[in-house]
>>> print(open('target01.cif').read())   # mmCIF, C-alpha atoms
data_my_file
#
loop_
_atom_site.label_atom_id
_atom_site.label_comp_id
_atom_site.auth_asym_id
_atom_site.auth_seq_id
_atom_site.Cartn_x
_atom_site.Cartn_y
_atom_site.Cartn_z
CA MET A 160 15.55 -19.08 -21.40
CA ASN A 161 16.61 -21.39 -18.56
CA LYS A 162 14.72 -24.34 -17.08
CA TYR A 163 13.48 -22.34 -14.06
CA TYR A 164 12.01 -19.63 -16.28
CA ASN A 165 10.29 -22.14 -18.55
CA ALA A 166 8.91 -24.11 -15.59
CA LEU A 167 7.40 -20.97 -14.03
CA LYS A 168 5.84 -19.85 -17.32
CA LYS A 169 4.26 -23.28 -17.78
CA LYS A 170 2.88 -23.38 -14.24
CA ILE A 171 1.39 -19.89 -14.66
CA GLN A 172 -0.19 -20.86 -17.96
CA ASN A 173 -1.77 -23.98 -16.42
CA ARG A 174 -2.73 -22.24 -13.13
CA GLU A 175 -0.54 -24.76 -11.31
CA LEU A 176 1.59 -22.18 -9.52
CA ARG A 177 1.87 -22.66 -5.76
CA ILE A 178 1.55 -19.14 -4.35
CA ALA A 179 2.38 -17.74 -0.91
CA ILE A 180 1.29 -14.27 0.18
CA ALA A 181 3.01 -12.69 3.19
CA GLY A 182 0.79 -10.25 5.07
CA MET A 183 -2.91 -10.97 5.60
CA GLY A 184 -4.28 -7.44 5.71
CA TYR A 185 -5.97 -4.92 3.42
CA VAL A 186 -3.62 -5.85 0.55
CA GLY A 187 -2.83 -9.54 1.05
CA LEU A 188 -6.35 -10.90 1.55
CA PRO A 189 -7.99 -9.15 -1.47
CA LEU A 190 -5.00 -10.29 -3.52
CA ALA A 191 -5.52 -13.91 -2.40
CA LYS A 192 -9.21 -13.62 -3.31
CA THR A 193 -8.38 -12.27 -6.77
CA ILE A 194 -5.80 -14.99 -7.45
CA ALA A 195 -8.22 -17.72 -6.35
CA ASN A 196 -10.97 -16.25 -8.55
CA ALA A 197 -8.59 -16.63 -11.51
CA GLY A 198 -8.45 -20.39 -10.98
CA TYR A 199 -5.40 -20.93 -8.79
CA ARG A 200 -5.99 -23.65 -6.19
CA ASN A 201 -2.77 -23.74 -4.20
CA ILE A 202 -2.50 -20.50 -2.19
CA ILE A 203 -1.30 -19.95 1.36
CA GLY A 204 -1.36 -16.77 3.41
CA LEU A 205 1.51 -16.08 5.80
CA ASP A 206 1.21 -13.85 8.82
CA ILE A 207 3.04 -13.53 12.16
CA ASP A 208 -0.25 -12.85 14.00
CA SER A 209 -1.54 -16.26 15.11
CA ASP A 210 -4.90 -14.83 16.24
CA LYS A 211 -5.49 -13.34 12.80
CA VAL A 212 -4.52 -16.63 11.14
CA GLU A 213 -6.93 -18.58 13.33
CA LYS A 214 -9.79 -16.20 12.59
CA ILE A 215 -9.20 -16.37 8.84
CA ASN A 216 -9.11 -20.18 8.82
CA ASN A 217 -12.36 -20.22 10.85
CA GLY A 218 -14.09 -18.02 8.28
CA ILE A 219 -13.96 -14.80 10.30
CA SER A 220 -12.97 -11.83 8.15
CA VAL A 221 -10.26 -9.64 9.68
CA ILE A 222 -10.77 -6.73 7.27
CA ASP A 223 -14.08 -5.03 6.53
CA THR A 224 -13.45 -4.96 2.77
CA LEU A 225 -13.64 -8.75 2.53
CA GLU A 226 -17.13 -10.14 3.02
CA VAL A 227 -17.58 -13.37 4.97
CA SER A 228 -18.99 -14.96 1.80
CA ASP A 229 -15.81 -13.98 -0.06
CA LEU A 230 -13.70 -15.53 2.68
CA ASP A 231 -15.83 -18.70 2.59
CA ASN A 232 -15.26 -18.96 -1.16
CA LEU A 233 -11.54 -18.35 -0.69
CA LEU A 234 -11.29 -21.11 1.91
CA ALA A 235 -13.35 -23.41 -0.32
CA SER A 236 -10.73 -22.93 -3.04
CA GLY A 237 -8.14 -24.55 -0.76
CA PHE A 238 -6.63 -21.38 0.65
CA ARG A 239 -5.27 -21.51 4.19
CA ALA A 240 -3.50 -18.97 6.41
CA THR A 241 -0.50 -20.00 8.47
CA VAL A 242 2.33 -18.72 10.67
CA ASN A 243 4.58 -21.53 9.41
CA PHE A 244 7.17 -20.03 7.06
CA SER A 245 8.71 -23.46 6.45
CA LEU A 246 5.81 -24.13 4.05
CA LEU A 247 7.59 -21.78 1.64
CA ASP A 248 9.72 -24.74 0.56
CA GLN A 249 6.69 -25.76 -1.54
CA ALA A 250 6.06 -22.31 -3.06
CA ASP A 251 6.66 -21.28 -6.66
CA ALA A 252 5.87 -17.63 -5.98
CA LEU A 253 5.98 -15.36 -2.94
CA VAL A 254 4.21 -12.00 -2.84
CA ILE A 255 5.15 -9.72 0.07
CA CYS A 256 2.42 -7.35 1.32
CA VAL A 257 3.72 -6.39 4.76
CA PRO A 258 3.50 -2.94 6.43
CA THR A 259 6.13 -0.26 5.87
CA PRO A 260 5.54 2.31 8.63
CA LEU A 261 7.67 5.25 9.77
CA ASN A 262 9.68 5.21 12.97
CA GLN A 263 9.46 7.93 15.63
CA TYR A 264 11.79 10.15 13.57
CA LYS A 265 9.59 9.84 10.44
CA GLU A 266 12.20 7.62 8.82
CA PRO A 267 11.34 4.46 6.80
CA ASP A 268 10.98 1.28 8.82
CA LEU A 269 11.73 -1.69 6.55
CA SER A 270 11.96 -4.19 9.40
CA TYR A 271 8.84 -6.11 8.29
CA ILE A 272 10.16 -6.43 4.73
CA VAL A 273 13.67 -7.40 5.83
CA SER A 274 12.53 -9.98 8.39
CA THR A 275 10.09 -11.51 5.89
CA VAL A 276 12.73 -11.84 3.17
CA GLU A 277 15.35 -13.16 5.59
CA MET A 278 12.93 -15.78 6.92
CA ALA A 279 11.71 -16.70 3.45
CA SER A 280 15.24 -17.10 2.07
CA LYS A 281 15.82 -19.98 4.50
CA PHE A 282 13.07 -22.05 2.89
CA LEU A 283 12.57 -20.90 -0.72
CA SER A 284 13.70 -23.30 -3.43
CA LYS A 285 15.39 -22.30 -6.66
CA GLY A 286 13.10 -21.28 -9.48
CA VAL A 287 10.82 -19.03 -7.42
CA PHE A 288 9.24 -15.70 -8.35
CA LEU A 289 9.33 -13.13 -5.53
CA SER A 290 7.39 -9.89 -5.76
CA LEU A 291 7.28 -7.01 -3.29
CA GLU A 292 4.06 -4.97 -3.14
CA SER A 293 4.74 -2.93 0.00
CA THR A 294 5.29 0.81 -0.49
CA THR A 295 8.94 1.77 -0.07
CA TRP A 296 11.73 4.10 -1.21
CA PRO A 297 13.20 3.80 -4.72
CA GLY A 298 16.00 1.24 -4.67
CA THR A 299 14.66 -1.06 -1.95
CA THR A 300 14.09 -4.06 -4.22
CA GLU A 301 17.55 -3.94 -5.76
CA GLU A 302 19.57 -2.58 -2.84
CA VAL A 303 17.95 -4.45 0.06
CA ILE A 304 15.94 -7.48 -1.07
CA ALA A 305 18.25 -8.58 -3.89
CA LYS A 306 21.28 -8.41 -1.61
CA ILE A 307 19.64 -10.56 1.05
CA LEU A 308 18.70 -13.15 -1.56
CA GLU A 309 22.11 -13.09 -3.25
CA ASN A 310 23.84 -13.49 0.09
CA THR A 311 21.70 -16.60 0.61
CA GLY A 312 22.99 -18.08 -2.64
CA PHE A 313 20.34 -17.12 -5.19
CA SER A 314 21.18 -15.66 -8.60
CA ILE A 315 18.62 -13.01 -9.56
CA GLY A 316 17.24 -13.61 -13.04
CA GLU A 317 18.71 -17.11 -13.20
CA ASP A 318 17.34 -19.25 -10.36
CA LEU A 319 15.16 -16.62 -8.64
CA PHE A 320 13.02 -13.99 -10.35
CA LEU A 321 12.56 -10.70 -8.50
CA GLY A 322 10.01 -7.98 -9.17
CA TYR A 323 8.26 -5.00 -7.63
CA SER A 324 4.56 -4.32 -8.17
CA PRO A 325 3.09 -1.67 -5.86
CA GLU A 326 -0.31 -2.30 -4.29
CA ARG A 327 -3.10 0.05 -5.30
CA GLU A 328 -5.83 -0.94 -2.86
CA ASP A 329 -8.33 1.72 -1.82
CA PRO A 330 -10.42 0.22 1.02
CA GLY A 331 -14.10 1.09 0.95
CA ARG A 332 -14.17 1.67 -2.80
CA SER A 333 -16.78 -0.26 -4.77
CA ASP A 334 -16.17 0.90 -8.36
CA TYR A 335 -12.76 -0.80 -8.65
CA THR A 336 -11.42 -4.14 -7.45
CA THR A 337 -7.95 -5.65 -7.22
CA ALA A 338 -8.54 -7.32 -10.58
CA THR A 339 -9.73 -4.17 -12.39
CA ILE A 340 -7.15 -1.67 -11.13
CA PRO A 341 -4.26 -1.53 -13.64
CA LYS A 342 -1.16 -3.10 -12.11
CA ILE A 343 2.31 -1.56 -12.33
CA ILE A 344 4.91 -4.32 -12.82
CA SER A 345 8.70 -4.38 -12.96
CA GLY A 346 11.55 -6.85 -12.78
CA GLN A 347 15.21 -6.66 -11.88
CA THR A 348 16.15 -8.36 -15.17
CA ASN A 349 14.29 -8.88 -18.45
CA GLN A 350 13.45 -12.45 -17.47
CA CYS A 351 12.18 -11.22 -14.09
CA LEU A 352 9.97 -8.70 -15.89
CA HIS A 353 8.56 -11.35 -18.24
CA ILE A 354 7.70 -13.60 -15.29
CA ALA A 355 6.08 -10.68 -13.45
CA GLU A 356 4.03 -9.84 -16.53
CA SER A 357 2.86 -13.45 -16.95
CA PHE A 358 2.10 -13.87 -13.25
CA TYR A 359 0.10 -10.67 -12.69
CA GLY A 360 -1.44 -10.84 -16.14
CA SER A 361 -3.00 -14.17 -15.24
CA PHE A 362 -5.35 -12.55 -12.70
CA ILE A 363 -5.23 -8.75 -13.29
CA ASN A 364 -7.09 -7.26 -16.27
CA GLU A 365 -4.34 -4.81 -17.25
CA VAL A 366 -0.64 -4.70 -16.42
CA VAL A 367 1.56 -1.65 -17.01
CA ARG A 368 5.26 -2.38 -17.50
CA VAL A 369 7.97 -0.01 -16.31
CA SER A 370 11.68 -0.36 -16.95
CA ASN A 371 12.94 -1.32 -13.48
CA PRO A 372 11.88 -1.74 -9.82
CA LYS A 373 13.25 1.67 -8.85
CA THR A 374 10.87 3.33 -11.30
CA ALA A 375 7.92 1.28 -10.05
CA GLU A 376 8.76 2.19 -6.46
CA LEU A 377 8.71 5.90 -7.34
CA VAL A 378 5.42 5.50 -9.24
CA LYS A 379 3.72 4.39 -6.01
CA LEU A 380 5.21 7.27 -4.04
CA LEU A 381 4.21 9.81 -6.69
CA GLU A 382 0.58 8.63 -6.64
CA ASN A 383 0.28 9.34 -2.93
CA ILE A 384 2.51 12.42 -2.87
CA GLN A 385 0.27 14.04 -5.46
CA ARG A 386 -2.75 13.46 -3.21
CA SER A 387 -0.92 14.68 -0.12
CA VAL A 388 0.20 17.91 -1.80
CA ASN A 389 -3.23 18.65 -3.27
CA ILE A 390 -5.02 17.92 0.00
CA GLY A 391 -2.49 20.16 1.75
CA LEU A 392 -3.32 22.93 -0.72
CA MET A 393 -7.05 22.53 -0.07
CA ASN A 394 -6.50 22.53 3.69
CA GLU A 395 -4.60 25.80 3.40
CA MET A 396 -7.37 27.22 1.19
CA LYS A 397 -9.89 26.19 3.86
CA MET A 398 -8.03 28.22 6.49
CA ILE A 399 -7.82 31.25 4.21
CA ALA A 400 -11.50 30.97 3.28
CA ASP A 401 -12.51 30.72 6.95
CA LYS A 402 -10.77 34.02 7.67
CA MET A 403 -12.63 35.59 4.73
CA ASN A 404 -15.94 34.06 5.86
CA ILE A 405 -16.24 32.12 2.59
CA ASN A 406 -17.53 28.53 2.36
CA ILE A 407 -14.62 26.67 0.75
CA PHE A 408 -16.85 23.69 -0.14
CA GLU A 409 -19.09 25.96 -2.23
CA VAL A 410 -15.95 27.34 -3.90
CA ILE A 411 -14.64 23.86 -4.72
CA GLU A 412 -18.02 22.66 -6.02
CA ALA A 413 -18.25 25.66 -8.33
CA ALA A 414 -14.65 25.28 -9.51
CA ALA A 415 -15.27 21.59 -10.25
CA SER A 416 -17.90 22.61 -12.84
CA LYS A 417 -15.01 23.53 -15.13
CA PRO A 418 -14.70 20.56 -17.50
CA PHE A 419 -10.91 20.78 -17.78
CA GLY A 420 -7.88 21.85 -15.78
CA PHE A 421 -9.34 21.38 -12.29
CA THR A 422 -9.36 18.22 -10.16
CA GLU A 423 -11.52 18.21 -7.05
CA TYR A 424 -9.73 17.65 -3.75
CA LEU A 425 -11.42 18.35 -0.42
CA PRO A 426 -10.05 19.74 2.86
CA GLY A 427 -10.49 17.84 6.12
CA PRO A 428 -9.18 17.33 9.65
CA GLY A 429 -5.92 15.88 8.28
CA VAL A 430 -4.91 12.78 6.33
CA GLY A 431 -4.95 9.20 7.57
CA GLY A 432 -4.54 5.62 6.46
CA HIS A 433 -1.46 3.55 5.72
CA CYS A 434 -0.40 5.53 2.63
CA ILE A 435 -0.81 9.29 2.39
CA PRO A 436 0.54 10.31 5.83
CA VAL A 437 3.45 7.87 5.50
CA ASP A 438 4.57 7.33 1.91
CA PRO A 439 5.73 10.88 1.06
CA PHE A 440 8.31 10.71 3.84
CA TYR A 441 9.90 7.66 2.23
CA LEU A 442 10.94 9.88 -0.67
CA THR A 443 11.86 12.78 1.64
CA TRP A 444 14.22 10.43 3.49
CA LYS A 445 15.74 8.95 0.32
CA ALA A 446 16.18 12.40 -1.26
CA LYS A 447 18.64 13.35 1.48
CA GLU A 448 21.04 10.77 0.05
CA PHE A 449 21.19 13.01 -3.04
CA ASN A 450 21.44 16.23 -1.00
CA PHE A 451 17.95 17.22 -2.14
CA HIS A 452 15.30 18.95 -0.02
CA THR A 453 11.71 17.96 -0.94
CA LYS A 454 10.08 21.29 -0.06
CA PHE A 455 6.60 20.69 -1.49
CA ILE A 456 6.27 17.28 0.15
CA GLU A 457 7.39 18.49 3.57
CA LEU A 458 5.24 21.63 3.44
CA ALA A 459 2.15 19.60 2.54
CA GLY A 460 2.93 17.21 5.40
CA GLU A 461 3.32 20.13 7.79
CA ILE A 462 -0.05 21.61 6.78
CA ASN A 463 -1.87 18.27 6.91
CA ASP A 464 -0.32 17.32 10.25
CA GLY A 465 -1.46 20.65 11.68
CA MET A 466 -5.12 20.23 10.72
CA PRO A 467 -6.26 18.40 13.90
CA ASN A 468 -4.96 21.32 15.95
CA TYR A 469 -6.69 23.76 13.58
CA VAL A 470 -9.99 21.92 14.10
CA ILE A 471 -9.50 22.08 17.87
CA GLN A 472 -8.81 25.81 17.71
CA ARG A 473 -11.97 26.30 15.64
CA ILE A 474 -13.97 24.35 18.25
CA ILE A 475 -12.53 26.52 21.02
CA SER A 476 -13.39 29.68 19.08
CA ILE A 477 -16.97 28.57 18.39
CA LEU A 478 -17.54 27.54 22.01
CA ASN A 479 -16.15 30.89 23.17
CA ASN A 480 -18.78 32.63 21.02
CA TYR A 481 -21.37 30.87 23.18
CA LYS A 482 -19.46 31.70 26.36
CA LYS A 483 -18.50 28.06 26.89
CA ALA A 484 -15.09 26.68 27.81
CA ILE A 485 -13.87 23.57 25.99
CA SER A 486 -13.08 22.15 29.43
CA GLY A 487 -16.27 20.50 30.61
CA SER A 488 -18.04 20.77 27.26
CA LYS A 489 -19.58 17.66 25.72
CA LEU A 490 -18.25 17.00 22.21
CA LEU A 491 -19.71 14.53 19.73
CA ILE A 492 -17.27 13.22 17.13
CA LEU A 493 -18.86 11.47 14.15
CA GLY A 494 -16.34 9.15 12.52
CA LEU A 495 -13.06 7.87 13.91
CA SER A 496 -11.60 6.00 10.94
CA TYR A 497 -9.59 7.94 8.38
CA LYS A 498 -12.29 7.59 5.71
CA LYS A 499 -15.94 6.61 5.54
CA ASN A 500 -17.27 3.05 5.48
CA ILE A 501 -14.14 1.34 6.81
CA SER A 502 -12.91 0.45 10.29
CA ASP A 503 -9.21 1.13 9.64
CA LEU A 504 -7.94 3.58 12.27
CA ARG A 505 -4.32 3.74 11.10
CA GLU A 506 -2.95 7.30 11.28
CA SER A 507 -6.50 8.66 11.62
CA PRO A 508 -6.35 12.40 12.43
CA ASN A 509 -9.69 12.02 14.22
CA LEU A 510 -8.02 10.05 17.01
#
>>> encode(input="target01.cif", output="structure tokens")
Amino acid sequence: MNKYYNALKKKIQNRELRIAIAGMGYVGLPLAKTIANAGYRNIIGLDIDSDKVEKINNGISVIDTLEVSDLDNLLASGFRATVNFSLLDQADALVICVPTPLNQYKEPDLSYIVSTVEMASKFLSKGVFLSLESTTWPGTTEEVIAKILENTGFSIGEDLFLGYSPEREDPGRSDYTTATIPKIISGQTNQCLHIAESFYGSFINEVVRVSNPKTAELVKLLENIQRSVNIGLMNEMKMIADKMNINIFEVIEAAASKPFGFTEYLPGPGVGGHCIPVDPFYLTWKAKEFNFHTKFIELAGEINDGMPNYVIQRIISILNNYKKAISGSKLLILGLSYKKNISDLRESPNL
């Protein structure tokens, strides 16, 4: 094991690691809180939004899943947010939690990842651990990030340790926290994997190793694709049941009484958030490289995307039964975010 590897392992063991987290949102801030709770006292949060940075440093929470008291405790631990990427020259570890949206053609947009890595590579010193947590297509870590770093002069597994560990945040959930959700970890080399295991294991209760970043990247996509496909199935069942004048929610509740072989998914006005409406299309896009058509994924997306229009058609039909036109009618919509008890409006079908 080389001197950089040994130095990182020692700093992790002694909680002396200087950690930078890029992206102060629903993933980055809870991660910072969890790391600080584990005893680390040298953490900075990077973000390109100066207003967000100012609010965080003034004790104003920018996400509704982080209480003001939690933010106060985080700041008391020495944490500070900044827009100054040059501070990365002091970092021993960089965790990237930036958005990975789709462009107008439903193709992956890695611009936030690429710009973050390119900027970081100008300041990072040798001997750093870099981990990507943003959802992306299989191969991104090795084909995109590693190449940027190698072109800057780093040697992966020798003087820079690269891993991928997908975020598993579920905003609004109270039964699991960042620390208690098992963490998928991977590394581009064996030494990278060992560093990733030591790093995440120092503040996450359980880490789950996989053989390489490409596998870890597909794990994250599979988790959300499974939900998308099952929700799509339930949405289609809802439309069939409506035509038959059957209450699909009664059907699902009864089916869920079976103690095996059935998992409860519910229909709704569509899917929202930063994961389920977006992530499946990362695999759909990548699959084309292998001349493969992801039929299930695309069909589920088509059904889920069509649900807002289905709801509107149902409203029109019900109003017509009362001899009312939708034009001029007063409609009350309860809930605009994509799920209850959060303020996140990203991809919300209700909008």
>>> closest_atom_pairs(input="target01.cif", of="segment 232-331 of chain A", to="segment 446-449 of chain A", cutoff="12 Å", atoms="all atoms listed in the file", output="JSON lines")
{"residue": "A:Glu266", "atom": "CA", "partner": "A:Lys447", "partner_atom": "CA", "distance": 11.3}
{"residue": "A:Trp296", "atom": "CA", "partner": "A:Ala446", "partner_atom": "CA", "distance": 9.4}
{"residue": "A:Pro297", "atom": "CA", "partner": "A:Ala446", "partner_atom": "CA", "distance": 9.7}
{"residue": "A:Gly298", "atom": "CA", "partner": "A:Ala446", "partner_atom": "CA", "distance": 11.7}
>>> residues_around(input="target01.cif", residues="Ile307 of chain A", least_positions_apart="5", cutoff="9 Å", atoms="all atoms listed in the file", output="list of chain:residue names")
A:Val273, A:Val276, A:Glu277, A:Ser280, A:Glu302
>>> resolve_selection(input="target01.cif", expression="the PyMOL selection byres ((chain A and resi 217) around 12)", output="ChimeraX atom specification")
/A:210-216,218-221,227,230-231,233-235,238-240
>>> resolve_selection(input="target01.cif", expression="the PyMOL selection byres ((chain A and resi 284-292) around 7)", output="ChimeraX atom specification")
/A:163,248,251-256,282-283,293-294,318-326
>>> atom_distance(input="target01.cif", atom1="atom CA of Phe313 of chain A", atom2="atom CA of Thr299 of chain A")
17.3 Å
>>> axis_aligned_box(input="target01.cif", around="segment 421-431 of chain A", padding_each_side="4 Å", output="lines of an AutoDock Vina configuration file")
center_x = -8.2
center_y = 15.3
center_z = -1.3
size_x = 14.6
size_y = 20.2
size_z = 29.9
>>> atom_distance(input="target01.cif", atom1="atom CA of Gly427 of chain A", atom2="atom CA of Pro341 of chain A")
28.4 Å
